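Note: the block below is data.tsv and it holds TSV, C-alpha atoms.
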chain	number	residue	atom	x	y	z
A	748	MET	CA	60.66	206.36	138.10
A	749	HIS	CA	62.80	206.56	141.25
A	750	CYS	CA	66.41	207.68	141.04
A	751	ASP	CA	69.06	208.99	143.42
A	752	ARG	CA	70.03	212.11	141.49
A	753	ILE	CA	69.13	214.04	138.39
A	754	TRP	CA	70.96	216.84	136.61
A	755	THR	CA	68.73	219.15	134.56
A	756	ASP	CA	69.16	222.17	132.30
A	757	ALA	CA	72.43	220.75	131.02
A	758	ARG	CA	74.09	220.49	127.64
A	759	LEU	CA	75.58	217.05	127.13
A	760	ALA	CA	78.56	215.81	125.17
A	761	THR	CA	77.62	212.15	125.53
A	762	MET	CA	80.65	210.94	123.50
A	763	ALA	CA	78.41	208.19	122.13
A	764	GLY	CA	78.92	207.24	118.49
A	765	ASP	CA	81.70	208.78	116.42
A	766	GLY	CA	81.48	212.42	117.48
A	767	LEU	CA	80.64	214.45	120.54
A	768	GLY	CA	77.05	213.21	120.78
A	769	ILE	CA	75.69	216.66	121.61
A	770	VAL	CA	72.36	217.10	123.39
A	771	GLU	CA	71.43	220.77	123.82
A	772	ASP	CA	68.69	220.50	126.48
A	773	GLY	CA	69.76	217.44	128.37
A	774	LEU	CA	69.03	215.53	131.53
A	775	ILE	CA	70.95	212.82	133.36
A	776	ALA	CA	69.41	210.53	135.97
A	777	ALA	CA	71.38	208.10	138.13
A	778	ARG	CA	70.72	205.35	140.62
A	779	ASP	CA	73.18	203.22	142.60
A	780	GLY	CA	76.12	204.88	140.87
A	781	LEU	CA	74.91	204.09	137.35
A	782	ILE	CA	73.28	206.26	134.70
A	783	LEU	CA	69.59	205.49	134.22
A	784	TYR	CA	69.04	208.04	131.50
A	785	ALA	CA	71.17	210.55	129.57
A	786	GLY	CA	69.55	212.42	126.74
A	787	PRO	CA	67.03	215.11	125.79
A	788	ALA	CA	64.97	216.35	128.71
A	789	ALA	CA	61.87	216.26	126.51
A	790	ASP	CA	62.24	212.49	126.05
A	791	ALA	CA	63.06	211.62	129.65
A	792	PRO	CA	60.71	209.58	131.84
A	793	ALA	CA	59.20	211.26	134.87
A	794	PHE	CA	61.86	210.84	137.58
A	795	ALA	CA	61.33	211.09	141.33
A	796	ALA	CA	64.78	212.05	142.54
A	797	ALA	CA	66.16	212.25	146.05
A	798	ARG	CA	68.41	215.08	144.85
A	799	SER	CA	68.10	217.36	141.83
A	800	THR	CA	70.80	219.67	140.48
A	801	ARG	CA	70.10	222.43	137.97
A	802	CYS	CA	73.15	222.97	135.77
A	803	ASP	CA	72.11	226.37	134.31
A	804	GLY	CA	73.19	225.41	130.82
A	805	ARG	CA	76.61	224.03	131.76
A	806	TRP	CA	78.17	221.25	129.72
A	807	ILE	CA	78.48	217.70	131.05
A	808	THR	CA	80.96	215.20	129.67
A	809	PRO	CA	81.90	211.77	130.96
A	810	GLY	CA	84.50	211.93	133.72
A	811	LEU	CA	87.93	212.15	132.14
A	812	ILE	CA	90.19	209.08	131.97
A	813	ASP	CA	93.99	209.14	132.02
A	814	CYS	CA	94.90	205.77	130.53
A	815	HIS	CA	98.72	205.95	130.76
A	816	THR	CA	100.58	207.27	133.81
A	817	HIS	CA	103.59	206.47	135.95
A	818	LEU	CA	102.06	208.36	138.84
A	819	VAL	CA	103.77	206.37	141.61
A	820	HIS	CA	107.48	207.08	141.92
A	821	ALA	CA	110.00	208.75	144.21
A	822	GLY	CA	112.24	211.69	143.38
A	823	ASP	CA	112.38	213.80	140.26
A	824	ARG	CA	114.67	214.18	137.27
A	825	ALA	CA	114.95	217.95	136.99
A	826	ARG	CA	118.74	217.69	136.64
A	827	GLU	CA	118.34	215.38	133.63
A	828	PHE	CA	115.97	217.91	132.08
A	829	GLU	CA	118.71	220.48	132.55
A	830	MET	CA	121.24	218.11	130.93
A	831	ARG	CA	119.03	217.64	127.88
A	832	LEU	CA	118.78	221.39	127.50
A	833	GLU	CA	122.58	221.37	127.46
A	834	GLY	CA	122.65	218.81	124.62
A	835	ALA	CA	122.49	215.30	126.12
A	836	SER	CA	120.04	212.84	124.53
A	837	TYR	CA	117.58	210.55	126.34
A	838	GLU	CA	119.68	207.56	125.25
A	839	ASP	CA	122.90	209.21	126.48
A	840	ILE	CA	121.39	209.79	129.91
A	841	ALA	CA	119.94	206.27	130.10
A	842	ARG	CA	123.20	204.59	129.11
A	843	ALA	CA	125.09	206.64	131.71
A	844	GLY	CA	122.91	205.24	134.51
A	845	GLY	CA	120.35	208.02	134.56
A	846	GLY	CA	116.84	207.88	133.22
A	847	ILE	CA	114.65	205.11	134.54
A	848	LEU	CA	117.46	203.68	136.70
A	849	SER	CA	117.78	207.00	138.52
A	850	THR	CA	114.12	206.85	139.50
A	851	MET	CA	114.56	203.16	140.32
A	852	ARG	CA	117.11	203.97	143.01
A	853	ALA	CA	114.87	206.60	144.61
A	854	THR	CA	111.81	204.37	144.42
A	855	ARG	CA	113.55	201.37	145.94
A	856	ALA	CA	114.63	203.56	148.86
A	857	ALA	CA	111.11	204.91	149.54
A	858	SER	CA	108.54	203.19	151.73
A	859	GLU	CA	105.07	202.35	150.47
A	860	ALA	CA	103.64	205.18	152.59
A	861	GLU	CA	106.19	207.61	151.16
A	862	LEU	CA	105.26	206.57	147.62
A	863	VAL	CA	101.57	207.16	148.36
A	864	ALA	CA	102.27	210.55	149.93
A	865	SER	CA	104.40	211.73	147.02
A	866	ALA	CA	101.84	210.56	144.44
A	867	LEU	CA	98.81	212.21	146.06
A	868	PRO	CA	99.56	215.76	144.84
A	869	ARG	CA	99.90	214.47	141.29
A	870	LEU	CA	96.68	212.50	141.66
A	871	ASP	CA	94.88	215.52	143.13
A	872	ALA	CA	95.92	217.66	140.16
A	873	LEU	CA	94.31	215.20	137.76
A	874	ILE	CA	91.17	214.88	139.89
A	875	ALA	CA	90.85	218.67	140.03
A	876	GLU	CA	90.46	218.70	136.25
A	877	GLY	CA	87.69	216.12	136.17
A	878	ALA	CA	89.57	212.82	136.04
A	879	THR	CA	87.58	209.94	137.50
A	880	THR	CA	89.66	206.95	136.28
A	881	ILE	CA	93.46	206.90	136.19
A	882	GLU	CA	95.84	204.13	135.15
A	883	VAL	CA	99.03	203.76	137.23
A	884	LYS	CA	102.01	201.62	136.23
A	885	SER	CA	104.77	200.02	138.24
A	886	GLY	CA	108.19	199.81	136.60
A	887	TYR	CA	110.47	201.91	138.78
A	888	GLY	CA	111.19	199.19	141.33
A	889	LEU	CA	112.57	196.53	138.99
A	890	ASP	CA	112.93	193.95	141.74
A	891	PRO	CA	110.17	191.84	143.30
A	892	ALA	CA	109.83	193.70	146.59
A	893	SER	CA	109.85	197.16	145.02
A	894	GLU	CA	107.49	196.33	142.17
A	895	ILE	CA	105.01	194.85	144.64
A	896	LYS	CA	105.43	197.95	146.81
A	897	MET	CA	104.62	200.23	143.87
A	898	LEU	CA	101.50	198.30	142.93
A	899	ARG	CA	100.27	198.27	146.51
A	900	ALA	CA	100.86	202.03	146.70
A	901	ALA	CA	98.85	202.49	143.51
A	902	ARG	CA	95.96	200.46	144.93
A	903	GLN	CA	96.13	202.56	148.11
A	904	LEU	CA	95.65	205.74	146.07
A	905	GLY	CA	92.20	204.46	145.13
A	906	ARG	CA	91.37	204.14	148.82
A	907	GLU	CA	92.70	207.60	149.65
A	908	ARG	CA	90.66	209.44	147.02
A	909	PRO	CA	87.29	209.02	145.23
A	910	VAL	CA	88.81	207.79	141.98
A	911	HIS	CA	89.19	204.47	140.18
A	912	ILE	CA	92.83	203.37	139.85
A	913	ALA	CA	93.62	200.81	137.16
A	914	THR	CA	97.05	199.25	137.64
A	915	SER	CA	99.53	197.93	135.09
A	916	PHE	CA	102.52	195.73	135.94
A	917	LEU	CA	105.50	197.23	134.09
A	918	GLY	CA	108.33	195.12	135.45
A	919	ALA	CA	109.79	195.07	131.93
A	920	HIS	CA	110.44	198.83	131.95
A	921	ALA	CA	114.25	198.72	132.03
A	922	LEU	CA	116.98	196.22	132.81
A	923	PRO	CA	118.05	196.70	136.44
A	924	PRO	CA	121.74	196.61	137.36
A	925	ASP	CA	121.09	193.38	139.29
A	926	TYR	CA	120.70	191.69	135.87
A	927	ALA	CA	123.23	193.71	133.86
A	928	GLY	CA	124.02	191.94	130.60
A	929	ASP	CA	121.39	189.23	131.07
A	930	ALA	CA	118.01	190.56	130.00
A	931	ASP	CA	116.76	187.05	129.24
A	932	ALA	CA	117.32	186.02	132.86
A	933	TYR	CA	115.44	189.11	134.05
A	934	ILE	CA	112.49	188.34	131.78
A	935	ALA	CA	112.52	184.76	133.06
A	936	MET	CA	112.34	186.08	136.63
A	937	LEU	CA	109.40	188.30	135.72
A	938	CYS	CA	107.56	185.45	134.01
A	939	HIS	CA	108.19	182.73	136.59
A	940	THR	CA	108.54	184.58	139.91
A	941	LEU	CA	107.21	188.13	140.00
A	942	LEU	CA	104.26	187.98	137.62
A	943	PRO	CA	102.72	184.96	139.38
A	944	GLN	CA	102.93	186.83	142.69
A	945	VAL	CA	101.40	189.98	141.21
A	946	ALA	CA	98.57	187.95	139.72
A	947	ALA	CA	97.97	185.94	142.89
A	948	GLU	CA	97.63	189.12	144.96
A	949	GLY	CA	95.35	190.80	142.39
A	950	LEU	CA	97.68	193.78	142.17
A	951	ALA	CA	97.57	194.35	138.40
A	952	ASP	CA	94.79	194.82	135.89
A	953	ALA	CA	97.16	194.51	132.92
A	954	VAL	CA	100.79	193.80	131.98
A	955	ASP	CA	102.90	196.38	130.14
A	956	ALA	CA	106.45	196.43	128.72
A	957	PHE	CA	108.93	198.80	127.07
A	958	CYS	CA	109.83	197.27	123.71
A	959	GLU	CA	112.71	199.43	122.49
A	960	THR	CA	116.43	199.50	121.72
A	961	ILE	CA	117.09	200.63	125.31
A	962	GLY	CA	114.31	198.41	126.66
A	963	PHE	CA	113.42	194.84	125.74
A	964	THR	CA	113.43	192.99	122.44
A	965	PRO	CA	110.29	191.79	120.68
A	966	ALA	CA	111.21	188.19	121.54
A	967	GLN	CA	111.54	189.02	125.24
A	968	THR	CA	108.30	190.99	125.16
A	969	ASP	CA	106.58	188.05	123.46
A	970	ARG	CA	107.60	185.73	126.29
A	971	LEU	CA	106.28	188.14	128.91
A	972	PHE	CA	102.97	188.54	127.11
A	973	ALA	CA	102.56	184.77	126.86
A	974	ALA	CA	103.05	184.59	130.63
A	975	ALA	CA	100.50	187.36	131.14
A	976	ALA	CA	97.96	185.40	129.12
A	977	ALA	CA	98.61	182.33	131.24
A	978	HIS	CA	97.57	184.39	134.28
A	979	GLY	CA	94.51	185.84	132.55
A	980	LEU	CA	95.92	189.37	132.35
A	981	PRO	CA	95.50	191.61	129.29
A	982	VAL	CA	98.52	193.41	127.85
A	983	LYS	CA	99.54	196.83	126.60
A	984	LEU	CA	102.87	198.07	125.27
A	985	HIS	CA	105.19	201.06	125.07
A	986	ALA	CA	105.90	200.74	121.35
A	987	GLU	CA	107.69	202.59	118.57
A	988	GLN	CA	108.68	205.60	120.68
A	989	LEU	CA	112.36	205.86	119.74
A	990	SER	CA	112.61	203.41	116.83
A	991	ASN	CA	110.52	200.90	114.92
A	992	GLN	CA	110.85	197.57	116.72
A	993	HIS	CA	107.49	196.36	115.30
A	994	GLY	CA	106.22	196.26	118.85
A	995	ALA	CA	102.75	197.46	117.94
A	996	ALA	CA	102.24	194.54	115.57
A	997	LEU	CA	103.51	192.17	118.27
A	998	ALA	CA	101.10	193.72	120.76
A	999	ALA	CA	98.26	193.35	118.28
A	1000	ARG	CA	99.04	189.65	117.86
A	1001	HIS	CA	98.48	189.30	121.59
A	1002	GLY	CA	95.20	191.21	121.40
A	1003	ALA	CA	96.67	194.13	123.35
A	1004	LEU	CA	94.36	196.73	124.83
A	1005	SER	CA	96.65	199.48	123.58
A	1006	ALA	CA	100.00	200.32	122.05
A	1007	ASP	CA	101.36	203.62	123.31
A	1008	HIS	CA	103.65	206.40	121.96
A	1009	LEU	CA	103.86	205.16	118.32
A	1010	GLU	CA	105.94	207.93	116.74
A	1011	TRP	CA	107.77	205.32	114.62
A	1012	LEU	CA	104.72	203.17	113.84
A	1013	ASP	CA	104.66	201.88	110.25
A	1014	ASP	CA	101.79	200.91	107.96
A	1015	ALA	CA	102.04	197.23	108.88
A	1016	GLY	CA	101.71	198.15	112.54
A	1017	VAL	CA	98.68	200.31	111.82
A	1018	ALA	CA	97.02	197.49	109.91
A	1019	ALA	CA	97.75	195.00	112.70
A	1020	MET	CA	96.25	197.32	115.31
A	1021	ALA	CA	93.18	197.91	113.17
A	1022	ALA	CA	92.63	194.18	112.79
A	1023	SER	CA	93.00	193.47	116.52
A	1024	GLY	CA	91.07	196.48	117.82
A	1025	THR	CA	94.12	197.70	119.73
A	1026	VAL	CA	93.86	201.35	120.78
A	1027	ALA	CA	96.56	203.82	119.76
A	1028	THR	CA	97.40	205.82	122.87
A	1029	LEU	CA	99.24	208.99	121.92
A	1030	LEU	CA	101.33	210.83	124.50
A	1031	PRO	CA	101.88	214.41	123.36
A	1032	GLY	CA	103.38	215.44	126.70
A	1033	ALA	CA	106.40	213.19	126.12
A	1034	TYR	CA	106.64	214.32	122.49
A	1035	TYR	CA	106.68	217.96	123.64
A	1036	PHE	CA	108.97	217.51	126.62
A	1037	MET	CA	111.52	215.48	124.66
A	1038	ARG	CA	111.35	217.95	121.76
A	1039	ASP	CA	110.64	215.12	119.35
A	1040	THR	CA	110.17	215.90	115.68
A	1041	ARG	CA	108.75	212.64	114.32
A	1042	LEU	CA	104.96	212.71	114.54
A	1043	PRO	CA	102.85	209.60	115.13
A	1044	PRO	CA	101.02	208.60	111.92
A	1045	VAL	CA	97.67	210.17	112.81
A	1046	GLU	CA	96.32	210.17	109.24
A	1047	ALA	CA	97.12	206.48	108.82
A	1048	LEU	CA	95.47	205.67	112.16
A	1049	ARG	CA	92.39	207.65	111.14
A	1050	GLY	CA	92.27	205.98	107.75
A	1051	ALA	CA	92.36	202.53	109.33
A	1052	ALA	CA	89.76	203.52	111.97
A	1053	VAL	CA	92.15	202.71	114.83
A	1054	PRO	CA	90.73	204.26	118.03
A	1055	ILE	CA	92.98	207.05	119.32
A	1056	ALA	CA	93.36	207.74	123.04
A	1057	LEU	CA	95.32	210.54	124.71
A	1058	ALA	CA	97.08	210.37	128.08
A	1059	THR	CA	99.46	212.43	130.18
A	1060	ASP	CA	102.21	209.78	130.48
A	1061	CYS	CA	102.85	211.47	133.84
A	1062	ASN	CA	106.39	210.43	134.76
A	1063	PRO	CA	109.47	212.12	136.23
A	1064	GLY	CA	111.75	211.80	133.22
A	1065	THR	CA	109.95	212.47	129.98
A	1066	SER	CA	106.49	213.88	130.78
A	1067	PRO	CA	106.06	215.50	134.22
A	1068	LEU	CA	102.51	216.41	133.22
A	1069	THR	CA	99.43	216.23	135.44
A	1070	SER	CA	96.83	217.92	133.21
A	1071	LEU	CA	94.51	216.12	130.83
A	1072	LEU	CA	93.24	219.51	129.64
A	1073	LEU	CA	96.74	220.50	128.54
A	1074	THR	CA	97.20	217.02	127.08
A	1075	MET	CA	94.18	217.63	124.84
A	1076	ASN	CA	95.54	221.00	123.75
A	1077	MET	CA	98.87	219.36	122.91
A	1078	GLY	CA	97.07	216.61	121.00
A	1079	ALA	CA	95.37	219.27	118.91
A	1080	THR	CA	98.29	221.64	118.39
A	1081	LEU	CA	101.10	219.12	117.99
A	1082	PHE	CA	99.29	216.15	116.42
A	1083	ARG	CA	96.48	218.08	114.69
A	1084	LEU	CA	93.71	216.06	116.32
A	1085	THR	CA	90.22	217.53	116.16
A	1086	VAL	CA	88.24	218.64	119.21
A	1087	ALA	CA	86.08	215.52	118.93
A	1088	GLU	CA	89.15	213.28	118.66
A	1089	CYS	CA	90.76	214.91	121.71
A	1090	LEU	CA	87.66	214.54	123.86
A	1091	ALA	CA	87.12	210.96	122.69
A	1092	GLY	CA	90.78	210.35	123.51
A	1093	VAL	CA	90.26	211.09	127.21
A	1094	THR	CA	86.82	209.47	127.51
A	1095	ARG	CA	85.50	206.59	125.42
A	1096	ASN	CA	88.79	205.61	123.73
A	1097	ALA	CA	90.74	205.94	126.99
A	1098	ALA	CA	88.21	203.61	128.62
A	1099	ARG	CA	88.70	201.14	125.78
A	1100	ALA	CA	92.49	201.36	126.23
A	1101	LEU	CA	91.95	200.11	129.78
A	1102	GLY	CA	89.42	197.44	128.85
A	1103	LEU	CA	86.70	199.26	130.82
A	1104	ALA	CA	83.43	199.06	128.91
A	1105	ASP	CA	81.38	200.57	131.74
A	1106	ARG	CA	82.56	204.18	131.35
A	1107	GLY	CA	83.64	206.83	128.87
A	1108	THR	CA	80.19	207.77	127.53
A	1109	LEU	CA	76.99	209.21	128.93
A	1110	ALA	CA	74.53	206.39	128.38
A	1111	ALA	CA	72.16	204.20	130.36
A	1112	GLY	CA	74.04	201.47	132.21
A	1113	GLN	CA	77.34	203.34	132.31
A	1114	ARG	CA	79.01	204.43	135.54
A	1115	CYS	CA	77.79	207.84	136.62
A	1116	ASP	CA	81.21	209.49	136.37
A	1117	LEU	CA	80.65	213.05	135.19
A	1118	ALA	CA	82.55	216.27	134.66
A	1119	ILE	CA	80.47	219.46	134.65
A	1120	TRP	CA	82.09	222.44	132.94
A	1121	ASP	CA	81.72	226.23	132.92
A	1122	VAL	CA	82.24	226.59	129.16
A	1123	GLU	CA	80.16	227.82	126.23
A	1124	ARG	CA	81.21	224.99	123.91
A	1125	PRO	CA	83.23	221.77	124.24
A	1126	ALA	CA	86.02	223.22	122.10
A	1127	GLU	CA	87.03	225.41	125.03
A	1128	LEU	CA	88.22	222.31	126.89
A	1129	VAL	CA	90.81	221.78	124.15
A	1130	TYR	CA	91.45	225.41	123.20
A	1131	ARG	CA	92.54	226.96	126.49
A	1132	MET	CA	95.93	226.50	128.15
A	1133	GLY	CA	96.46	226.84	131.89
A	1134	HIS	CA	92.74	227.29	132.56
A	1135	ASN	CA	90.55	224.88	134.48
A	1136	PRO	CA	86.80	225.43	133.90
A	1137	LEU	CA	85.65	222.43	135.95
A	1138	HIS	CA	82.49	223.29	137.90
A	1139	ALA	CA	81.88	219.91	139.52
A	1140	ARG	CA	83.12	216.33	139.34
A	1141	ILE	CA	80.79	213.40	140.01
A	1142	TRP	CA	82.27	209.98	140.77
A	1143	SER	CA	80.00	206.95	140.99
A	1144	GLY	CA	76.96	209.22	141.22
A	1145	LEU	CA	78.31	211.21	144.18

Can you present the structure in this file as structure tokens?
Amino acid sequence: MHCDRIWTDARLATMAGDGLGIVEDGLIAARDGLILYAGPAADAPAFAAARSTRCDGRWITPGLIDCHTHLVHAGDRAREFEMRLEGASYEDIARAGGGILSTMRATRAASEAELVASALPRLDALIAEGATTIEVKSGYGLDPASEIKMLRAARQLGRERPVHIATSFLGAHALPPDYAGDADAYIAMLCHTLLPQVAAEGLADAVDAFCETIGFTPAQTDRLFAAAAAHGLPVKLHAEQLSNQHGAALAARHGALSADHLEWLDDAGVAAMAASGTVATLLPGAYYFMRDTRLPPVEALRGAAVPIALATDCNPGTSPLTSLLLTMNMGATLFRLTVAECLAGVTRNAARALGLADRGTLAAGQRCDLAIWDVERPAELVYRMGHNPLHARIWSGL
């Protein structure tokens, strides 16, 4: 059988099924950017390959997927970090005009080219650790021109580097000063003016919102999600990070791809997510950076068989993190996830959180996005801190 490339003498963590899907003496064959075969070498067809790579016993996993980032933004919030260390809370900073609005001012002032240039080092850090698909949100422009600019910059990142960028429209991230005191009018603008433009230009793959006491109410979020559905766009939600607004259950009613953060998620929210198939995306970087103490209900999510994803939440205010390897370690140490859960969280479940059924496992028909590792066992990818054992990254078979 003809193929473009084969990888032999490899150990595979296929991530198929419920666990790691380990194959000790494995082979992967690819053609036209798709996997033809991934499994035991002894069971493989006879392949005639244009290029063959011997892996010398290295481990291959699917390419890693970061399913929640705010990668495109201008400026930083190091001073706010300093203020929190001196005793100020996230809410205090936000209400005083800092937080998201601080990044909004810097982002509005930056050009599209400047946004791309500032995001590339963050993107390169993720790619260097084996990431092949990365979600990028808008949400720091908070006016039509700036939100469009952010989404165009995110799309440009995918042309600058060999990586798939999935975009989410997060216009409902915070209430901009232009609409101070009138959140309903701002939501109406998003629904009737900005979202139609975003959809018409094909700039977003999903619609997101921040449903929180310092964000938007469930009723406002519901209106935005109804508008997203009218434009054929799936939804996801920042939910239950600072309080229980029952956002996860609302997201589940809209068939959301994911609900993210979830520290304050209750049993009703867990049950709603289980029934809808909504992924629970946990963000241990934000939990760590904000010194939170309330853990997301991991045992309840496990018990209800809710898929758990992990992501960096890379953003300037609450998680300036550009390492999925460290994210997995945090997921294990802070949330007590297992090695298999952590790896599933940045592969198959992260793909599901983005609605991408063509990646996240090593199986025939999947995209040939691979990460090849210099490790003795998959647990090392979760166990080590500040160590990058990536040997090679393959994107679309190349």

Would you kindly return, as a ChimeraX atom specification, each protein, DNA or RNA residue with an atom no farther than 12 Å from any atom of A:Ala835, considering only C-alpha atoms and excluding same-chain residues fewer than 6 positions away? /A:826-829,841-843,845-846,1037

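Counting only C-alpha atoms and comparing A:Glu882, A:Asp1014, A:Glu859, A:Glu771, the residue that lies closest to A:Cys1061 is A:Glu882.
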
Residue with the minimum atom-to-atom distance to A:Thr964, picked from A:Gln992, A:Thr854, A:Ser836, A:Gln903 with all atoms listed in the file counted, is A:Gln992

Hey, which bits of stretch 1100-1132 of chain A sit within 12 Å of stretch 972-983 of chain A, and for each residue what's the closest pair of atoms and how far apart in Å (one decimal), counting all atoms listed in the file, rows by chain and increasing number, as a Markdown table?
| residue | atom | partner | partner_atom | distance |
| --- | --- | --- | --- | --- |
| A:Ala1100 | CA | A:Lys983 | CA | 8.4 |
| A:Leu1101 | CA | A:Lys983 | CA | 8.9 |
| A:Gly1102 | CA | A:Pro981 | CA | 8.4 |
| A:Leu1103 | CA | A:Pro981 | CA | 11.8 |

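Nearest residue to A:Leu942 among A:Gly918, A:Gly928, A:Pro965, A:Gly1064 is A:Gly918, counting all atoms listed in the file.
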
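The space between atom CA of A:Met936 and atom CA of A:Ala900 spans 22.1 Å.
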
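Across the structure, atom CA of A:Leu1009 and atom CA of A:Ala853 are spaced 28.5 Å apart.
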
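For the set A:Thr968, A:Thr960, A:Ala1051, A:Leu1030, the residue with the smallest atom-to-atom gap to A:Arg1000 is A:Thr968, counting all atoms listed in the file.
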
Residue with smallest distance to A:Ser893 - pool A:Ala878, A:Ala986, A:Ala821, A:Ala1111, counting all atoms listed in the file: A:Ala821

Name the closest residue to A:Leu811 among the candidates A:Glu948, A:Glu876, A:Glu1088, A:Glu907; distances are taken between atoms, counting all atoms listed in the file. A:Glu876

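Taking atom CA of A:Ala1056 and atom CA of A:Tyr837 as the two end points, the separation is 24.6 Å.
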
So that I can check the surroundings of A:Asp1116, please list as a list in words every protein, DNA and RNA residue that reaches within 6 Å of it, counting all atoms listed in the file and ignoring chain neighbours fewer than 6 positions away. Pro809, Gly810, Ile1141, Trp1142 and Ser1143 of chain A

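For the point (93.8, 216.7, 125.2), the residues with an atom at a distance of at most 7 Å are Leu1057, Leu1071, Leu1072, Leu1073, Thr1074, Met1075, Asn1076, Met1077, Gly1078, Ala1079, Cys1089, Leu1090, Val1093 and Val1129 of chain A, counting all atoms listed in the file.
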
Fewer than 3 positions away in the same chain doesn't count, so skip those; otherwise give me all residues within 9 Å of A:Met897, counting only C-alpha atoms, as a PyMOL selection string. chain A and resi 819-820+854+859+862-863+884-888+892-894+900-902

List as a ChimeraX atom specification the protein and nucleic acid residues near A:Ala1022, meaning an atom at most 12 Å away when all atoms listed in the file are counted, but skip any in the same chain fewer than 4 places from it. /A:995-996,998-1003,1015-1018,1026,1048,1051-1054

How about saving the chosen residues, C-alpha atoms kept, as a compact mmCIF listing (two decimals), in the coordinates of the input?
# COMPACT_ATOMS: atom_id res chain seq x y z
CA ALA A 995 102.75 197.46 117.94
CA ALA A 996 102.24 194.54 115.57
CA ALA A 998 101.10 193.72 120.76
CA ALA A 999 98.26 193.35 118.28
CA ARG A 1000 99.04 189.65 117.86
CA HIS A 1001 98.48 189.30 121.59
CA GLY A 1002 95.20 191.21 121.40
CA ALA A 1003 96.67 194.13 123.35
CA ALA A 1015 102.04 197.23 108.88
CA GLY A 1016 101.71 198.15 112.54
CA VAL A 1017 98.68 200.31 111.82
CA ALA A 1018 97.02 197.49 109.91
CA VAL A 1026 93.86 201.35 120.78
CA LEU A 1048 95.47 205.67 112.16
CA ALA A 1051 92.36 202.53 109.33
CA ALA A 1052 89.76 203.52 111.97
CA VAL A 1053 92.15 202.71 114.83
CA PRO A 1054 90.73 204.26 118.03

Determine, for each residue of stretch 804-859 of chain A having at least one atom at most 7 Å from an atom of stretch 749-768 of chain A, the closest pair of atoms and their separation in Å to one decimal, counting all atoms listed in the file; order by chain and ascending number, as JSON lines.
{"residue": "A:Gly804", "atom": "CA", "partner": "A:Ala757", "partner_atom": "CA", "distance": 4.7}
{"residue": "A:Arg805", "atom": "CA", "partner": "A:Ala757", "partner_atom": "CA", "distance": 5.4}
{"residue": "A:Trp806", "atom": "CA", "partner": "A:Arg758", "partner_atom": "CA", "distance": 4.6}
{"residue": "A:Ile807", "atom": "CA", "partner": "A:Leu759", "partner_atom": "CA", "distance": 4.9}
{"residue": "A:Thr808", "atom": "CA", "partner": "A:Ala760", "partner_atom": "CA", "distance": 5.1}
{"residue": "A:Pro809", "atom": "CA", "partner": "A:Thr761", "partner_atom": "CA", "distance": 6.9}

May I have the residues within 12 Å of A:Arg1041 as JSON, numbers by chain, using only C-alpha atoms and disregarding those fewer than 3 positions away in the same chain? {"A": [987, 988, 989, 990, 991, 1008, 1009, 1010, 1011, 1012, 1031, 1034, 1035, 1037, 1038, 1044, 1045, 1081, 1082]}
